[in-house]
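Chemist: I have a structure I would like to understand better, so I am pasting it below and will then ask my questions one at a time.
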Amino acid sequence: MYHKFLLAASRRAAFKRVLLACPLTRAVAERFVAGESWATARPAIADLIDRGLTVAVDFLGEDTHDAAQAATMVCNYLAILDNIEREGWAASAEVSVKLSAIGLRLPDGENIARDNVGQLAQRAREIGTVVTIDMEDCSLTDRTIRLVKAVRQDYPELGVALQAQLKRTEADCRDVDAPGARIRLCKGAYDSPAAVAYHTAHEVDLSFVRSLKVLMEGQGTPLVATHDPIMIEIAQELAAHSNRGLKDFEFQMLYGVRPIEQERLVDLGHPVRVYVPFGADWYCYLIRRLADSPANLLFFLRALLPTK
Ligand code: FDA
């Protein structure tokens with residue numbers, strides 16, 4: 001329940017002001033956010049790639065309120081793709097994009113965001129990598145899936161995230177599965193109404209397993225985005241049961257979360273991708289990480305305690 005409280009409190013301006021004014025908040029954010037600019041994030045990305053991991057780079061920012069801001073975000077992503085090309089990282093680094101950051105909530109947002117995704121997917125293809133679309137709160141699920149299916153007509157390699165916390169997700173897995181489709185299954189980090197979402201951790205886990213089973217038996221590549229040891233083990237079993245080899249699915253984890261487990265999976269021969277966010281607009285991302293897990297919240301609370 002604490003996560004509901006945290007997500008609700010985080011929307012209050014006063015709460016945000018207090019948290020951002022605390023110097024330790026920034027220090028904690030550094031565990032989950034690779035830097036505020038490409039220059040500061042680059043060493044972390046290089047280190048992951050050197051250690052045999054791959055990355056999904058996320059430029060932080062969401063809920064764009066005007067078209068110029070959306071265009072700036074697209075430019076930021078194009079610059080990231082240029083950097084990936086310059087570094088020779090196209091085989092190891094993709095980008096992950098929130099549709100609200102590139103215009104989906106604007107009037108005529110679906111058309112604006114579709115054009116923007118097309119532009120990013122085209123540039124990604126030119127340099128030999130791909131784009132994956134993050135899934136945001138449930139008010140955007142229909143529009144996100146519709147847009148992804150439309151852009152996939154030209155860019156079938158476009159990936160999309162689905163959230164096991166939503167009751168619709170098992171059906172969505174069937175709906176978006178296709179040969180070559182890249183589908184990231186996560187539990188879901190947003191607060192959603194009871195009418196559309198499961199609310200106990202057990203129900204979300206059961207939905208995760210059912211959805212994963214659909215993806216493993218499907219025609220695309222399941223991207224298993226979780227730190228949960230039980231879900232990881234079940235993914236390995238479902239993959240074996242569906243005659244998938246180690247390279248026929250991918251584990252994904254967040255930057256700063258369970259790095260030893262990331263390495264263990266790589267040592268077993270699994271492809272493992274680390275989601276690496278960077279940028280100055282890290283507040284909402286940090287809150288979702290604190291809401292994700294008591295372990296993350298404890299890390300934050302410990303940082304607030306005096307050291308002596
Ligand atoms: P959960 O938080 O339920 O934890 C289960 C278990 O995992 C814990 O009991 C513990 O054993 C272990 N664990 C978890 N965190 C730990 C920690 N910090 N230290 C030690 N052990 C820990 N969400 C969304 O809504 N839209 C999206 O597009 C994405 N995209 C995305 C990409 C990637 C690559 C990942 C990994 C995650 C996302 N998410 C997301 C976030 C996701 O929905 C979810 O909020 C978090 O991954 C937390 O859920 P878990 O499945 O990790 O397990």
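Order determines the names: the first chain of the structure tokens is A, the second B, and so forth; residues in each chain are numbered 1 upward, and ligands are numbered 1 upward as they are shown.
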Within 6 Å of ligand 1, which residues of chain A show up? Give each one with its shortest atom-to-atom distance in Å (one decimal) and the two atoms involved, counting only C-alpha atoms and all ligand atoms, rows by chain then rising residue number, as JSON lines.
Modeler:
```
{"residue": "A:Asp134", "atom": "CA", "partner": "ligand 1", "partner_atom_place_in_ligand_line": "28 (O)", "distance": 3.4}
{"residue": "A:Met135", "atom": "CA", "partner": "ligand 1", "partner_atom_place_in_ligand_line": "28 (O)", "distance": 4.0}
{"residue": "A:Glu136", "atom": "CA", "partner": "ligand 1", "partner_atom_place_in_ligand_line": "26 (N)", "distance": 5.4}
{"residue": "A:Ala161", "atom": "CA", "partner": "ligand 1", "partner_atom_place_in_ligand_line": "28 (O)", "distance": 5.0}
{"residue": "A:Gln163", "atom": "CA", "partner": "ligand 1", "partner_atom_place_in_ligand_line": "25 (O)", "distance": 5.9}
{"residue": "A:Cys186", "atom": "CA", "partner": "ligand 1", "partner_atom_place_in_ligand_line": "43 (O)", "distance": 4.5}
{"residue": "A:Lys187", "atom": "CA", "partner": "ligand 1", "partner_atom_place_in_ligand_line": "43 (O)", "distance": 4.1}
{"residue": "A:Gly188", "atom": "CA", "partner": "ligand 1", "partner_atom_place_in_ligand_line": "43 (O)", "distance": 3.1}
{"residue": "A:Ala189", "atom": "CA", "partner": "ligand 1", "partner_atom_place_in_ligand_line": "45 (O)", "distance": 3.8}
{"residue": "A:Tyr190", "atom": "CA", "partner": "ligand 1", "partner_atom_place_in_ligand_line": "25 (O)", "distance": 5.5}
{"residue": "A:Ala225", "atom": "CA", "partner": "ligand 1", "partner_atom_place_in_ligand_line": "36 (C)", "distance": 4.1}
{"residue": "A:Thr226", "atom": "CA", "partner": "ligand 1", "partner_atom_place_in_ligand_line": "51 (O)", "distance": 3.6}
{"residue": "A:His227", "atom": "CA", "partner": "ligand 1", "partner_atom_place_in_ligand_line": "52 (O)", "distance": 3.7}
{"residue": "A:Asp228", "atom": "CA", "partner": "ligand 1", "partner_atom_place_in_ligand_line": "7 (O)", "distance": 3.2}
{"residue": "A:Pro229", "atom": "CA", "partner": "ligand 1", "partner_atom_place_in_ligand_line": "11 (O)", "distance": 5.9}
{"residue": "A:Gln252", "atom": "CA", "partner": "ligand 1", "partner_atom_place_in_ligand_line": "34 (C)", "distance": 4.4}
{"residue": "A:Met253", "atom": "CA", "partner": "ligand 1", "partner_atom_place_in_ligand_line": "36 (C)", "distance": 3.6}
{"residue": "A:Leu254", "atom": "CA", "partner": "ligand 1", "partner_atom_place_in_ligand_line": "36 (C)", "distance": 4.5}
{"residue": "A:Val257", "atom": "CA", "partner": "ligand 1", "partner_atom_place_in_ligand_line": "18 (N)", "distance": 4.8}
{"residue": "A:Arg258", "atom": "CA", "partner": "ligand 1", "partner_atom_place_in_ligand_line": "19 (N)", "distance": 5.4}
{"residue": "A:Tyr275", "atom": "CA", "partner": "ligand 1", "partner_atom_place_in_ligand_line": "34 (C)", "distance": 4.8}
{"residue": "A:Asp292", "atom": "CA", "partner": "ligand 1", "partner_atom_place_in_ligand_line": "2 (O)", "distance": 4.7}
{"residue": "A:Ser293", "atom": "CA", "partner": "ligand 1", "partner_atom_place_in_ligand_line": "2 (O)", "distance": 4.7}
{"residue": "A:Ala295", "atom": "CA", "partner": "ligand 1", "partner_atom_place_in_ligand_line": "18 (N)", "distance": 5.1}
{"residue": "A:Asn296", "atom": "CA", "partner": "ligand 1", "partner_atom_place_in_ligand_line": "18 (N)", "distance": 4.9}
```
Chemist: Name all residues at most 12 Å from stretch 80-87 of chain A (count only C-alpha atoms; drop same-chain ones fewer than 2 positions away) and give them as an mmCIF file with N, CA, C and O atoms, in the first residue's frame.
Modeler:
```
data_model
loop_
_atom_site.group_PDB
_atom_site.id
_atom_site.type_symbol
_atom_site.label_atom_id
_atom_site.label_comp_id
_atom_site.auth_asym_id
_atom_site.auth_seq_id
_atom_site.Cartn_x
_atom_site.Cartn_y
_atom_site.Cartn_z
ATOM 1 N N SER A 37 23.434 14.291 -18.218
ATOM 2 C CA SER A 37 23.734 14.551 -19.641
ATOM 3 C C SER A 37 24.365 13.298 -20.241
ATOM 4 O O SER A 37 24.769 12.385 -19.503
ATOM 5 N N TRP A 38 24.473 13.284 -21.572
ATOM 6 C CA TRP A 38 25.123 12.139 -22.219
ATOM 7 C C TRP A 38 26.557 12.000 -21.693
ATOM 8 O O TRP A 38 27.018 10.886 -21.417
ATOM 9 N N ALA A 39 27.234 13.130 -21.530
ATOM 10 C CA ALA A 39 28.641 13.076 -21.097
ATOM 11 C C ALA A 39 28.766 12.386 -19.739
ATOM 12 O O ALA A 39 29.702 11.599 -19.530
ATOM 13 N N ALA A 41 26.473 10.295 -18.420
ATOM 14 C CA ALA A 41 25.916 8.935 -18.472
ATOM 15 C C ALA A 41 26.832 7.978 -19.257
ATOM 16 O O ALA A 41 26.817 6.764 -19.031
ATOM 17 N N ARG A 42 27.635 8.534 -20.158
ATOM 18 C CA ARG A 42 28.427 7.710 -21.069
ATOM 19 C C ARG A 42 29.301 6.657 -20.373
ATOM 20 O O ARG A 42 29.309 5.490 -20.788
ATOM 21 N N PRO A 43 30.051 7.023 -19.303
ATOM 22 C CA PRO A 43 30.906 6.012 -18.674
ATOM 23 C C PRO A 43 30.105 4.811 -18.134
ATOM 24 O O PRO A 43 30.560 3.667 -18.244
ATOM 25 N N ILE A 45 27.266 3.668 -19.320
ATOM 26 C CA ILE A 45 26.821 2.862 -20.469
ATOM 27 C C ILE A 45 28.001 2.036 -21.010
ATOM 28 O O ILE A 45 27.884 0.835 -21.271
ATOM 29 N N ALA A 46 29.155 2.706 -21.135
ATOM 30 C CA ALA A 46 30.347 2.018 -21.662
ATOM 31 C C ALA A 46 30.721 0.841 -20.758
ATOM 32 O O ALA A 46 31.041 -0.253 -21.241
ATOM 33 N N ILE A 49 28.347 -2.124 -21.323
ATOM 34 C CA ILE A 49 28.606 -2.792 -22.605
ATOM 35 C C ILE A 49 29.917 -3.592 -22.524
ATOM 36 O O ILE A 49 29.994 -4.734 -22.989
ATOM 37 N N VAL A 55 22.136 -2.304 -23.558
ATOM 38 C CA VAL A 55 21.425 -1.231 -22.849
ATOM 39 C C VAL A 55 20.235 -0.712 -23.658
ATOM 40 O O VAL A 55 20.217 -0.808 -24.893
ATOM 41 N N ALA A 56 19.255 -0.187 -22.941
ATOM 42 C CA ALA A 56 18.163 0.583 -23.555
ATOM 43 C C ALA A 56 18.277 1.972 -22.926
ATOM 44 O O ALA A 56 18.094 2.118 -21.712
ATOM 45 N N VAL A 57 18.602 2.958 -23.726
ATOM 46 C CA VAL A 57 18.846 4.300 -23.195
ATOM 47 C C VAL A 57 17.530 5.087 -23.192
ATOM 48 O O VAL A 57 16.813 5.137 -24.195
ATOM 49 N N ASP A 58 17.237 5.676 -22.028
ATOM 50 C CA ASP A 58 15.997 6.450 -21.868
ATOM 51 C C ASP A 58 16.380 7.884 -21.523
ATOM 52 O O ASP A 58 17.110 8.112 -20.555
ATOM 53 N N PHE A 59 15.892 8.833 -22.317
ATOM 54 C CA PHE A 59 16.117 10.236 -21.967
ATOM 55 C C PHE A 59 14.938 10.686 -21.112
ATOM 56 O O PHE A 59 13.792 10.665 -21.558
ATOM 57 N N MET A 73 12.345 17.026 -27.567
ATOM 58 C CA MET A 73 12.601 15.664 -27.089
ATOM 59 C C MET A 73 13.041 14.759 -28.249
ATOM 60 O O MET A 73 13.958 13.950 -28.098
ATOM 61 N N VAL A 74 12.393 14.916 -29.404
ATOM 62 C CA VAL A 74 12.792 14.112 -30.564
ATOM 63 C C VAL A 74 14.254 14.418 -30.928
ATOM 64 O O VAL A 74 15.049 13.506 -31.189
ATOM 65 N N CYS A 75 14.612 15.709 -30.892
ATOM 66 C CA CYS A 75 16.015 16.088 -31.194
ATOM 67 C C CYS A 75 16.970 15.442 -30.196
ATOM 68 O O CYS A 75 18.054 14.982 -30.568
ATOM 69 N N ASN A 76 16.563 15.417 -28.917
ATOM 70 C CA ASN A 76 17.422 14.783 -27.907
ATOM 71 C C ASN A 76 17.650 13.309 -28.240
ATOM 72 O O ASN A 76 18.768 12.795 -28.129
ATOM 73 N N TYR A 77 16.574 12.638 -28.651
ATOM 74 C CA TYR A 77 16.720 11.218 -28.991
ATOM 75 C C TYR A 77 17.555 11.025 -30.262
ATOM 76 O O TYR A 77 18.341 10.078 -30.366
ATOM 77 N N LEU A 78 17.385 11.934 -31.233
ATOM 78 C CA LEU A 78 18.201 11.818 -32.461
ATOM 79 C C LEU A 78 19.682 11.989 -32.110
ATOM 80 O O LEU A 78 20.558 11.304 -32.655
ATOM 81 N N TRP A 89 28.173 1.557 -30.955
ATOM 82 C CA TRP A 89 27.419 0.749 -29.992
ATOM 83 C C TRP A 89 26.086 0.242 -30.538
ATOM 84 O O TRP A 89 25.251 -0.249 -29.762
ATOM 85 N N ALA A 90 25.843 0.362 -31.862
ATOM 86 C CA ALA A 90 24.493 0.062 -32.367
ATOM 87 C C ALA A 90 24.052 -1.374 -32.052
ATOM 88 O O ALA A 90 22.865 -1.616 -31.827
ATOM 89 N N ALA A 91 25.007 -2.314 -31.990
ATOM 90 C CA ALA A 91 24.610 -3.702 -31.703
ATOM 91 C C ALA A 91 24.262 -3.896 -30.234
ATOM 92 O O ALA A 91 23.645 -4.898 -29.871
ATOM 93 N N SER A 92 24.659 -2.958 -29.395
ATOM 94 C CA SER A 92 24.471 -3.148 -27.949
ATOM 95 C C SER A 92 23.527 -2.135 -27.316
ATOM 96 O O SER A 92 23.155 -2.295 -26.153
ATOM 97 N N ALA A 93 23.181 -1.070 -28.032
ATOM 98 C CA ALA A 93 22.399 0.000 -27.401
ATOM 99 C C ALA A 93 21.181 0.358 -28.245
ATOM 100 O O ALA A 93 21.307 0.646 -29.439
ATOM 101 N N GLU A 94 20.014 0.301 -27.624
ATOM 102 C CA GLU A 94 18.796 0.789 -28.275
ATOM 103 C C GLU A 94 18.255 1.959 -27.467
ATOM 104 O O GLU A 94 18.831 2.317 -26.435
ATOM 105 N N VAL A 95 17.162 2.568 -27.936
ATOM 106 C CA VAL A 95 16.566 3.647 -27.145
ATOM 107 C C VAL A 95 15.140 3.273 -26.744
ATOM 108 O O VAL A 95 14.448 2.541 -27.443
ATOM 109 N N SER A 96 14.729 3.777 -25.586
ATOM 110 C CA SER A 96 13.398 3.526 -25.051
ATOM 111 C C SER A 96 12.701 4.876 -24.910
ATOM 112 O O SER A 96 13.277 5.805 -24.342
ATOM 113 N N VAL A 97 11.473 4.967 -25.409
ATOM 114 C CA VAL A 97 10.832 6.284 -25.545
ATOM 115 C C VAL A 97 9.439 6.273 -24.908
ATOM 116 O O VAL A 97 8.683 5.317 -25.088
ATOM 117 N N GLN A 119 10.065 8.902 -37.221
ATOM 118 C CA GLN A 119 11.367 9.552 -37.439
ATOM 119 C C GLN A 119 12.478 8.850 -36.632
ATOM 120 O O GLN A 119 13.556 8.587 -37.153
ATOM 121 N N LEU A 120 12.160 8.531 -35.382
ATOM 122 C CA LEU A 120 13.167 7.871 -34.532
ATOM 123 C C LEU A 120 13.439 6.443 -35.015
ATOM 124 O O LEU A 120 14.593 5.995 -35.050
ATOM 125 N N ALA A 121 12.368 5.739 -35.409
ATOM 126 C CA ALA A 121 12.547 4.355 -35.872
ATOM 127 C C ALA A 121 13.392 4.332 -37.148
ATOM 128 O O ALA A 121 14.229 3.441 -37.341
ATOM 129 N N GLN A 122 13.179 5.319 -38.019
ATOM 130 C CA GLN A 122 13.943 5.393 -39.275
ATOM 131 C C GLN A 122 15.432 5.614 -38.983
ATOM 132 O O GLN A 122 16.300 4.925 -39.507
ATOM 133 N N ARG A 123 15.707 6.569 -38.103
ATOM 134 C CA ARG A 123 17.109 6.871 -37.768
ATOM 135 C C ARG A 123 17.765 5.664 -37.068
ATOM 136 O O ARG A 123 18.916 5.327 -37.341
ATOM 137 N N ALA A 124 16.987 5.037 -36.169
ATOM 138 C CA ALA A 124 17.519 3.854 -35.477
ATOM 139 C C ALA A 124 17.864 2.772 -36.490
ATOM 140 O O ALA A 124 18.930 2.149 -36.420
ATOM 141 N N ARG A 125 16.969 2.568 -37.461
ATOM 142 C CA ARG A 125 17.227 1.535 -38.476
ATOM 143 C C ARG A 125 18.486 1.874 -39.278
ATOM 144 O O ARG A 125 19.303 1.002 -39.573
ATOM 145 N N GLU A 126 18.632 3.152 -39.636
ATOM 146 C CA GLU A 126 19.819 3.559 -40.426
ATOM 147 C C GLU A 126 21.117 3.203 -39.711
ATOM 148 O O GLU A 126 22.098 2.843 -40.338
ATOM 149 N N ILE A 127 21.130 3.322 -38.380
ATOM 150 C CA ILE A 127 22.393 3.051 -37.679
ATOM 151 C C ILE A 127 22.462 1.606 -37.175
ATOM 152 O O ILE A 127 23.460 1.202 -36.590
ATOM 153 N N GLY A 128 21.382 0.833 -37.373
ATOM 154 C CA GLY A 128 21.421 -0.588 -37.008
ATOM 155 C C GLY A 128 20.931 -0.908 -35.611
ATOM 156 O O GLY A 128 21.312 -1.916 -35.021
ATOM 157 N N THR A 129 20.054 -0.050 -35.082
ATOM 158 C CA THR A 129 19.474 -0.395 -33.786
ATOM 159 C C THR A 129 17.951 -0.219 -33.821
ATOM 160 O O THR A 129 17.369 -0.103 -34.920
ATOM 161 N N VAL A 130 17.308 -0.226 -32.677
ATOM 162 C CA VAL A 130 15.845 -0.204 -32.641
ATOM 163 C C VAL A 130 15.341 0.736 -31.540
ATOM 164 O O VAL A 130 16.095 1.157 -30.673
ATOM 165 N N VAL A 131 14.033 0.990 -31.626
ATOM 166 C CA VAL A 131 13.349 1.815 -30.620
ATOM 167 C C VAL A 131 12.326 0.920 -29.899
ATOM 168 O O VAL A 131 11.679 0.090 -30.542
ATOM 169 N N PRO A 277 18.383 5.186 -17.705
ATOM 170 C CA PRO A 277 17.826 6.527 -17.865
ATOM 171 C C PRO A 277 18.871 7.594 -17.576
ATOM 172 O O PRO A 277 19.729 7.400 -16.700
ATOM 173 N N PHE A 278 18.799 8.691 -18.310
ATOM 174 C CA PHE A 278 19.619 9.843 -17.941
ATOM 175 C C PHE A 278 18.857 11.116 -18.287
ATOM 176 O O PHE A 278 17.898 11.096 -19.051
ATOM 177 N N GLY A 279 19.295 12.233 -17.710
ATOM 178 C CA GLY A 279 18.628 13.509 -17.977
ATOM 179 C C GLY A 279 18.335 14.219 -16.669
ATOM 180 O O GLY A 279 18.362 13.615 -15.591
#
```
Chemist: Could you give me, as a ChimeraX atom specification, the residues within 7 Å of A:Arg184, counting only C-alpha atoms and dropping anything in the same chain fewer than 4 positions from it?
Modeler: /A:160-162,222-225
Chemist: Quick one: write out the picked residues with N, CA, C and O atoms as a PDB file, in the first residue's frame?
Modeler:
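Final output, saved to part_36.pdb:
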```pdb
ATOM      1  N   VAL A 160       7.538  -2.723 -27.847  1.00  0.00           N
ATOM      2  CA  VAL A 160       6.551  -2.075 -26.970  1.00  0.00           C
ATOM      3  C   VAL A 160       6.540  -2.784 -25.614  1.00  0.00           C
ATOM      4  O   VAL A 160       6.761  -3.986 -25.532  1.00  0.00           O
ATOM      5  N   ALA A 161       6.284  -1.995 -24.565  1.00  0.00           N
ATOM      6  CA  ALA A 161       6.179  -2.573 -23.226  1.00  0.00           C
ATOM      7  C   ALA A 161       4.714  -2.804 -22.876  1.00  0.00           C
ATOM      8  O   ALA A 161       3.845  -2.019 -23.262  1.00  0.00           O
ATOM      9  N   LEU A 162       4.430  -3.898 -22.159  1.00  0.00           N
ATOM     10  CA  LEU A 162       3.088  -4.173 -21.625  1.00  0.00           C
ATOM     11  C   LEU A 162       3.217  -4.423 -20.123  1.00  0.00           C
ATOM     12  O   LEU A 162       4.263  -4.893 -19.654  1.00  0.00           O
ATOM     13  N   PRO A 222      10.191 -12.321 -26.591  1.00  0.00           N
ATOM     14  CA  PRO A 222       9.801 -11.793 -25.277  1.00  0.00           C
ATOM     15  C   PRO A 222      10.981 -11.092 -24.608  1.00  0.00           C
ATOM     16  O   PRO A 222      12.100 -11.623 -24.584  1.00  0.00           O
ATOM     17  N   LEU A 223      10.710  -9.909 -24.075  1.00  0.00           N
ATOM     18  CA  LEU A 223      11.716  -9.150 -23.336  1.00  0.00           C
ATOM     19  C   LEU A 223      11.226  -9.151 -21.887  1.00  0.00           C
ATOM     20  O   LEU A 223      10.233  -8.490 -21.570  1.00  0.00           O
ATOM     21  N   VAL A 224      11.884  -9.917 -21.049  1.00  0.00           N
ATOM     22  CA  VAL A 224      11.364 -10.200 -19.708  1.00  0.00           C
ATOM     23  C   VAL A 224      11.947  -9.177 -18.730  1.00  0.00           C
ATOM     24  O   VAL A 224      13.081  -9.301 -18.280  1.00  0.00           O
ATOM     25  N   ALA A 225      11.166  -8.144 -18.431  1.00  0.00           N
ATOM     26  CA  ALA A 225      11.672  -7.003 -17.656  1.00  0.00           C
ATOM     27  C   ALA A 225      11.254  -7.127 -16.198  1.00  0.00           C
ATOM     28  O   ALA A 225      10.181  -6.676 -15.799  1.00  0.00           O
TER      29      ALA A 225
END
```
Chemist: Assign secondary structure with DSSP using the backbone only, and return the residues of stretch 29-214 of chain A in strand (DSSP E) as a VMD selection string.
Modeler: chain A and resid 54 to 59 93 to 97 131 to 133 159 to 163 182 to 186
Chemist: Emit the selected residues as a PDB file, in the first residue's frame, including C-alpha atoms.
Modeler:
```pdb
ATOM      1  CA  THR A  54      23.305  -4.450 -23.651  1.00  0.00           C
ATOM      2  CA  VAL A  55      21.425  -1.231 -22.849  1.00  0.00           C
ATOM      3  CA  ALA A  56      18.163   0.583 -23.555  1.00  0.00           C
ATOM      4  CA  VAL A  57      18.846   4.300 -23.195  1.00  0.00           C
ATOM      5  CA  ASP A  58      15.997   6.450 -21.868  1.00  0.00           C
ATOM      6  CA  PHE A  59      16.117  10.236 -21.967  1.00  0.00           C
ATOM      7  CA  ALA A  93      22.399   0.000 -27.401  1.00  0.00           C
ATOM      8  CA  GLU A  94      18.796   0.789 -28.275  1.00  0.00           C
ATOM      9  CA  VAL A  95      16.566   3.647 -27.145  1.00  0.00           C
ATOM     10  CA  SER A  96      13.398   3.526 -25.051  1.00  0.00           C
ATOM     11  CA  VAL A  97      10.832   6.284 -25.545  1.00  0.00           C
ATOM     12  CA  VAL A 131      13.349   1.815 -30.620  1.00  0.00           C
ATOM     13  CA  THR A 132      11.118   0.441 -27.849  1.00  0.00           C
ATOM     14  CA  ILE A 133       8.047   2.285 -26.604  1.00  0.00           C
ATOM     15  CA  GLY A 159       9.277  -2.728 -29.538  1.00  0.00           C
ATOM     16  CA  VAL A 160       6.551  -2.075 -26.970  1.00  0.00           C
ATOM     17  CA  ALA A 161       6.179  -2.573 -23.226  1.00  0.00           C
ATOM     18  CA  LEU A 162       3.088  -4.173 -21.625  1.00  0.00           C
ATOM     19  CA  GLN A 163       2.191  -4.155 -17.928  1.00  0.00           C
ATOM     20  CA  ARG A 182       9.736  -7.293 -29.598  1.00  0.00           C
ATOM     21  CA  ILE A 183       7.468  -7.214 -26.556  1.00  0.00           C
ATOM     22  CA  ARG A 184       8.705  -6.127 -23.153  1.00  0.00           C
ATOM     23  CA  LEU A 185       6.662  -7.536 -20.295  1.00  0.00           C
ATOM     24  CA  CYS A 186       6.973  -5.718 -16.965  1.00  0.00           C
TER      25      CYS A 186
END
```
Chemist: To one decimal place in Å, what is the distance between atom CA of A:Gln236 and atom CA of A:His199?
Modeler: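 For atom CA of A:Gln236 relative to atom CA of A:His199, the distance reads 25.6 Å.
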Chemist: Rounded to one decimal, what separation in Å do you get between atom CA of A:Val176 and atom CA of A:Ala71?
Modeler: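 Atom-to-atom, atom CA of A:Val176 and atom CA of A:Ala71 are spaced 27.5 Å apart.
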Chemist: Using only C-alpha atoms, can you tell me which of A:Leu158, A:Leu60, A:Ala240, A:Ala195 comes closest to A:Ala178?
Modeler: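 Among the listed residues, A:Leu158 lies closest to A:Ala178.
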Chemist: Can you list every residue in stretch 21-235 of chain A that DSSP puts in alpha helix (DSSP H), as a count of residues only?
Modeler: 108
Chemist: Atom CA of A:Phe32 to atom CA of A:Asp142: how many Å, to one decimal?
Modeler: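 Computing it gives 28.9 Å between the two atoms.
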